[in-house]
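Everything on this sheet refers to the single structure shown next.
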Amino acid sequence: MDEITEGTSQVDCDILVIGGGTAGPMAAYKAKKKNPDAKVILLEKANVKRSGAISMGMDGLNNAVIPGHSTPEQYVKEITVANDGIVDQAAVLKYAENCYEIIQELDNFGIRFQKDENGDFDVKKVHHIGTYVLPMPNGDTVKKALYRQLKRARLLISNRYMATRLLTGKDGRIAGAIAVNTRNAEFLVVRAKAVILCMGAAGRLGLPTSGYLYGTYENAANSGDGYAMAYHAGAGLANLECFQINPLIKDYNGPACAYVAGPFGGYTANNEGMRFIECDYWSGQMMQEFYNELQSGKGPVFLKLNHLADETISEIETILHEVERPTRGRFQVNRHNDYRHGMIEMHISEIGFCSGHSASGVYVDDNACTTVPGLYAAGDMASVPHNYMLGAFTNGAVAGEHAVDFVNEVDFADIDEDFIAAEKKRVLAPTLRDDGIPPNQIEYKTRRLVNDYLQPPKVTRKMQLAQDRFAETREAMENEMAVTNAHELMRSLEVASIMDCADMAAFASLFRTESRWGLYHNRADYPERDNENWFCHSILSKDDAGQMTIRKKEVDPYVIPIDEDEKDAYDKQRIKAQA
Amino acid sequence: MPLAQQSSSVPVVVDDDKCIADKGCTVCVDVCPLDVLRISDQTGKAFMKYDECWYCMPCEADCPTGAVSVHIPFLLR
């Protein structure tokens with residue numbers, strides 16, 4: 001069981017899609033639809049049937065731009081303001097213009113969205129300005145419906161292969177990827193003319209307060225492998241200091257969730273049962289107020305539903321306990337919690353990278369192209385901010401359709417056999433040691449250090465100490481980590497991704513000497529927002545000498561202008577004290 | 001340095017009487033995002049080999065005989 005065996009196979013394809021969660025299946029499907037002759041491979045570390053953030057479905061769309069309810073222009077404004085202005089609007093606008101078509105397509109797949117008595121989409125208001133939240137009454141069926149389409153399109157699916165590094169040609173163009181089987185450690189080298197990375201968030205970066213390594217907000221399989229691979233291939237990564245931190249059911253560490261309960265009249269409250277934030281939409285500013293309340297005498301923070309009618313609570317309960325994170329119901333039973341009586345204790349999540357909720361991602365333009373020719377990224381790991389599930393579907397489609405045209409123009413880039421040999425050596429090193437430190441201990445220590453030193457409020461000296469401790473732990477990882485089987489080998493590779501992400505999180509956070517995005521980049525020793533010097537992206541990358549480097553990048557001129565009186569809409573999150 | 005073996009109570013429980021892994025079923029093992037379930041060489045039944053659970057539930061939801069149940073890991077409970 002899980003024995004390590006030797007072996008390498010090689011396959012060629014036009015497009016390699018890595019990650020079979022949300023964006024990946026859509027990218028592969030759209031590429032194949034546009035050109036049925038293209039050879040498209042979908043590679044997945046787990047099994048496409050149940051992988052990714054939407055493993056058990058999703059309770060609703062959080063950012064649906066539907067005619068009659070909101071406009072693409074309005075949505076672009078909302079996201080620009082919610083993200084403190086640091087947005088290349090072209091990609092957000094393209095998403096906003098394309099997402100309605102994707103909603104209709106998903107509806108046709110059998111993923112039904114809530115409709116009113118007239119048969120129109122029943123969109124709810126949660127955001128500050130516009131109306132974008134669309135419930136999914138049978139949201140538990142998303143993965144099954146998607147999988148059916150992949151089978152129908154005769155896509156090639158390779159499950160249980162973990163990609164470890166991208167291959168690039170001498171000209172810097174993408175050449176493919178190397179992957180290792182998670183059950184027997186055999187290698188797979190894939191030559192591809194284009195690669196689309198859809199590998200999810202870096203969700204195993206911070207350590208949950210429970211101390212359980214896998215009790216993360218994100219699907220714990222999302223260990224930031226995509227961020228690490230893009231980095232090592234030379235791609236730029238944008239605004240990594242804009243961490244993801246989300247409000248969650250304490251200890252359970254899953255969403256409560258304000259998007260579900262909000263439209264029914266539920267809200268986030270302090271220990272007095274009072275509202276303290278204007279708007280439950282997850283922005284950095286909202287999270288700052290959440291954090292402030294947690295730290296205050298009016299903390300902790302709760303989800304309040306007990307003022308609602310019994311049938312309303314039952315409706316919320318059905319959604320929370322059947323879709324997305326269905327074990328929420330079991331957690332509440334163990335705690336003897338009933339939404340009808342008490343309030344539900346909330347807390348903040350561990351830190352992570354995830355553009356789905358914040359803005360930290362591999363830099364992409366409005367065609368989902370990264371800075372490496374032939375390399376695309378979509379979903380939680382790509383830099384289009386506040387993207388959510390519908391952003392992953394929509395931008396995955398954009399990537400697939402662009403890549404399938406791109407591969408018509410190019411041939412395979414040369415692959416470097418020396419690089420492949422060196423990568424195999426790196427991967428297998430922990431298998432060759434008779435004893436040493438197991439991956440789970442290296443991981444626990446790294447993530448404990450992330451919590452100690454990188455969690456906001458961020459402090460310069462603490463982040464420098466983090467860099468020293470990470471370097472020591474990395475040395476142990478590279479020279480002493482030992483594994484006994486193929487499953488542990490997968491974990492050891494994930495630890496390497498987590499370590500890379502931890503280094504990038506510290507490096508990017510130290511670079512931006514201001515505070516921005518509320519709690520996400522709250523720097524205690526630079527408490528003010530500094531638009532004069534820092535109204536820009538940060539782009540982190542690996543330089544030619546193999547060192548981490550970072551630079552400023554101008555925000556592209558806005559295509560949708562923001563009026564002066566709209567700019568601070570998300571700054572006024574705290575409810576004003578009653579006179 | 002030598003390794004210690006530590007016990008931990010695992011959150012996924014399989015009812016051996018209902019499990020049909022010995023007839024060739026591998027559904028729960030196949031669908032787990034963290035790949036923590038295996039079929040026992042001794043009993044021929046599915047079991048949780050690695051305590052690395054996101055308590056997400058595909059194993060339970062997709063099991064054809066209702067043999068699998070997912071509990072909240074003790075540290076979070």
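Labels for the structure tokens follow display order: chains A, B, ..., residues from 1 in each chain, ligands from 1.
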Within 10 Å of Cys56 (chain B), counting only C-alpha atoms, which residues qualify if same-chain residues fewer than 3 places away don't, as an MDAnalysis selection string? (chainID A and resid 50 53:56 219:220 324:328) or (chainID B and resid 32:34 53 59:61 70:72)
Mind writing the picked residues with N, CA and C atoms as an mmCIF file, in the first residue's frame?
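What landed in result.cif:
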```cif
data_model
loop_
_atom_site.group_PDB
_atom_site.id
_atom_site.type_symbol
_atom_site.label_atom_id
_atom_site.label_comp_id
_atom_site.auth_asym_id
_atom_site.auth_seq_id
_atom_site.Cartn_x
_atom_site.Cartn_y
_atom_site.Cartn_z
ATOM 1 N N ARG A 50 -14.618 14.929 -6.982
ATOM 2 C CA ARG A 50 -14.893 15.556 -5.684
ATOM 3 C C ARG A 50 -13.753 16.458 -5.222
ATOM 4 N N ALA A 53 -12.423 23.364 -3.917
ATOM 5 C CA ALA A 53 -13.189 24.120 -2.922
ATOM 6 C C ALA A 53 -14.666 23.748 -2.944
ATOM 7 N N ILE A 54 -15.174 23.295 -4.105
ATOM 8 C CA ILE A 54 -16.601 23.000 -4.228
ATOM 9 C C ILE A 54 -16.875 21.496 -4.174
ATOM 10 N N SER A 55 -15.997 20.782 -3.481
ATOM 11 C CA SER A 55 -16.119 19.333 -3.316
ATOM 12 C C SER A 55 -17.556 18.897 -2.991
ATOM 13 N N MET A 56 -18.173 19.579 -2.062
ATOM 14 C CA MET A 56 -19.553 19.248 -1.672
ATOM 15 C C MET A 56 -20.538 20.313 -2.161
ATOM 16 N N ASN A 219 -10.345 24.027 1.382
ATOM 17 C CA ASN A 219 -10.092 22.598 1.225
ATOM 18 C C ASN A 219 -8.601 22.369 1.493
ATOM 19 N N ALA A 220 -8.303 21.494 2.441
ATOM 20 C CA ALA A 220 -6.919 21.338 2.889
ATOM 21 C C ALA A 220 -6.003 20.759 1.812
ATOM 22 N N GLU A 324 -22.123 22.703 0.639
ATOM 23 C CA GLU A 324 -20.798 23.301 0.798
ATOM 24 C C GLU A 324 -20.027 22.684 1.962
ATOM 25 N N ARG A 325 -20.445 22.900 3.214
ATOM 26 C CA ARG A 325 -19.799 22.265 4.366
ATOM 27 C C ARG A 325 -20.875 21.605 5.230
ATOM 28 N N PRO A 326 -21.416 20.471 4.759
ATOM 29 C CA PRO A 326 -22.564 19.889 5.455
ATOM 30 C C PRO A 326 -22.274 19.424 6.879
ATOM 31 N N THR A 327 -21.002 19.215 7.245
ATOM 32 C CA THR A 327 -20.745 18.781 8.628
ATOM 33 C C THR A 327 -20.964 19.914 9.633
ATOM 34 N N ARG A 328 -21.303 21.114 9.149
ATOM 35 C CA ARG A 328 -21.657 22.204 10.066
ATOM 36 C C ARG A 328 -22.763 21.771 11.030
ATOM 37 N N CYS B 32 -12.083 10.821 -1.955
ATOM 38 C CA CYS B 32 -11.534 11.647 -0.863
ATOM 39 C C CYS B 32 -10.513 12.662 -1.387
ATOM 40 N N PRO B 33 -10.758 13.969 -1.172
ATOM 41 C CA PRO B 33 -9.820 14.986 -1.652
ATOM 42 C C PRO B 33 -8.440 14.899 -0.995
ATOM 43 N N LEU B 34 -8.390 14.394 0.235
ATOM 44 C CA LEU B 34 -7.111 14.311 0.942
ATOM 45 C C LEU B 34 -6.468 12.939 0.813
ATOM 46 N N CYS B 53 -8.054 14.910 7.831
ATOM 47 C CA CYS B 53 -9.439 14.980 7.354
ATOM 48 C C CYS B 53 -9.948 16.413 7.321
ATOM 49 N N CYS B 59 -16.987 10.972 1.048
ATOM 50 C CA CYS B 59 -16.897 9.533 1.332
ATOM 51 C C CYS B 59 -18.246 9.011 1.826
ATOM 52 N N GLU B 60 -18.864 9.796 2.726
ATOM 53 C CA GLU B 60 -20.167 9.382 3.271
ATOM 54 C C GLU B 60 -21.277 9.554 2.234
ATOM 55 N N ALA B 61 -21.274 10.693 1.548
ATOM 56 C CA ALA B 61 -22.358 10.998 0.602
ATOM 57 C C ALA B 61 -22.368 10.026 -0.576
ATOM 58 N N VAL B 70 -18.945 10.411 8.802
ATOM 59 C CA VAL B 70 -17.914 11.418 9.064
ATOM 60 C C VAL B 70 -18.255 12.142 10.358
ATOM 61 N N HIS B 71 -17.315 12.150 11.272
ATOM 62 C CA HIS B 71 -17.485 12.885 12.524
ATOM 63 C C HIS B 71 -16.571 14.111 12.495
ATOM 64 N N ILE B 72 -16.828 15.040 13.394
ATOM 65 C CA ILE B 72 -15.945 16.197 13.497
ATOM 66 C C ILE B 72 -14.668 15.749 14.231
#
```
(message) Set the cut-off to 7 Å and count only C-alpha atoms: what are the residues of chain B that reach chain A? Output as a PyMOL selection string.
(response) chain B and resi 1-2+30-31+33-35+52-56+58+72+75-77
At most 12 Å is the cut-off: for each residue in region 124-201 of chain A with any atom that close to an atom of region 89-104 of chain A, write down the nearest atom pair and the distance in Å rounded to one decimal, counting only C-alpha atoms, chain first then increasing number, as CSV.
```
residue,atom,partner,partner_atom,distance
A:Tyr132,CA,A:Ala96,CA,10.7
A:Leu134,CA,A:Ile103,CA,10.1
A:Pro135,CA,A:Ile103,CA,11.9
A:Met136,CA,A:Ile103,CA,11.1
```
Per-residue DSSP, region 11-75 of chain B, filtered to helix (DSSP H, G or I), as a PyMOL selection string: chain B and resi 21-23+27-31+58-62
- Message: With only C-alpha atoms as the counted atoms, please give the residues lying no more than 9 Å from Met274 (chain A), apart from itself and same-chain residues fewer than 5 positions off, as a list in words.
- Response: Thr268, Ala269 and Lys304 of chain A
Can you write out the residues you just picked, keeping C-alpha atoms, as a CSV table (one decimal), in the first residue's frame?
```csv
chain,number,residue,atom,x,y,z
A,268,THR,CA,-22.9,39.5,12.6
A,269,ALA,CA,-23.3,40.7,16.2
A,304,LYS,CA,-27.2,36.1,15.2
```
ask   = Could you pull the residues within 10 Å of Gly297 (chain A), counting only C-alpha atoms, minus those fewer than 4 positions along the same chain, as a list in words?
value = Asn270, Asn271, Asn292 and Glu293 of chain A
Selection export as a CSV table (one decimal), in the first residue's frame, atoms kept: N, CA and C atoms:
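Wrote it out as selection_18.csv, contents follow:
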```csv
chain,number,residue,atom,x,y,z
A,270,ASN,N,-22.1,41.5,18.2
A,270,ASN,CA,-21.1,41.4,19.3
A,270,ASN,C,-21.8,40.7,20.5
A,271,ASN,N,-21.1,40.7,21.7
A,271,ASN,CA,-21.7,39.9,22.8
A,271,ASN,C,-23.0,40.5,23.3
A,292,ASN,N,-11.4,44.1,15.4
A,292,ASN,CA,-11.4,45.1,16.5
A,292,ASN,C,-12.5,44.7,17.6
A,293,GLU,N,-13.6,44.2,17.1
A,293,GLU,CA,-14.7,43.8,18.0
A,293,GLU,C,-14.2,42.6,18.8
```
Considering only C-alpha atoms, state which residue in the set B:Val36, B:Ala4, B:Ile20, B:Thr26 is at the smallest distance from Asp51 (chain B).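 So, comparing all the options, the nearest one is B:Val36.
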Exercise for the section: Within 12 Å of Cys13 (chain A), counting only C-alpha atoms, which residues show up once you throw out same-chain ones fewer than 4 positions away? Write them as a ChimeraX atom specification, please. Expected result: /A:17,37-43,155-156,175-177,189-195,404,407,411-412
re CA of Ile15 (chain A) and CA of Ala397 (chain A): distance 13.4 Å
From region 281-483 of chain A, collect each residue whose DSSP state is strand (DSSP E) and return the set as a PyMOL selection string. chain A and resi 301-304+344-348+361-362+375-377
TODO: Please provide the set of residues having any atom within 8 Å of region 201-203 of chain A, restricted to only C-alpha atoms, with same-chain residues fewer than 2 positions apart removed, written as a ChimeraX atom specification.
DONE: /A:199,205-206,216-220,222-225,227,351-356,380-381,498,501
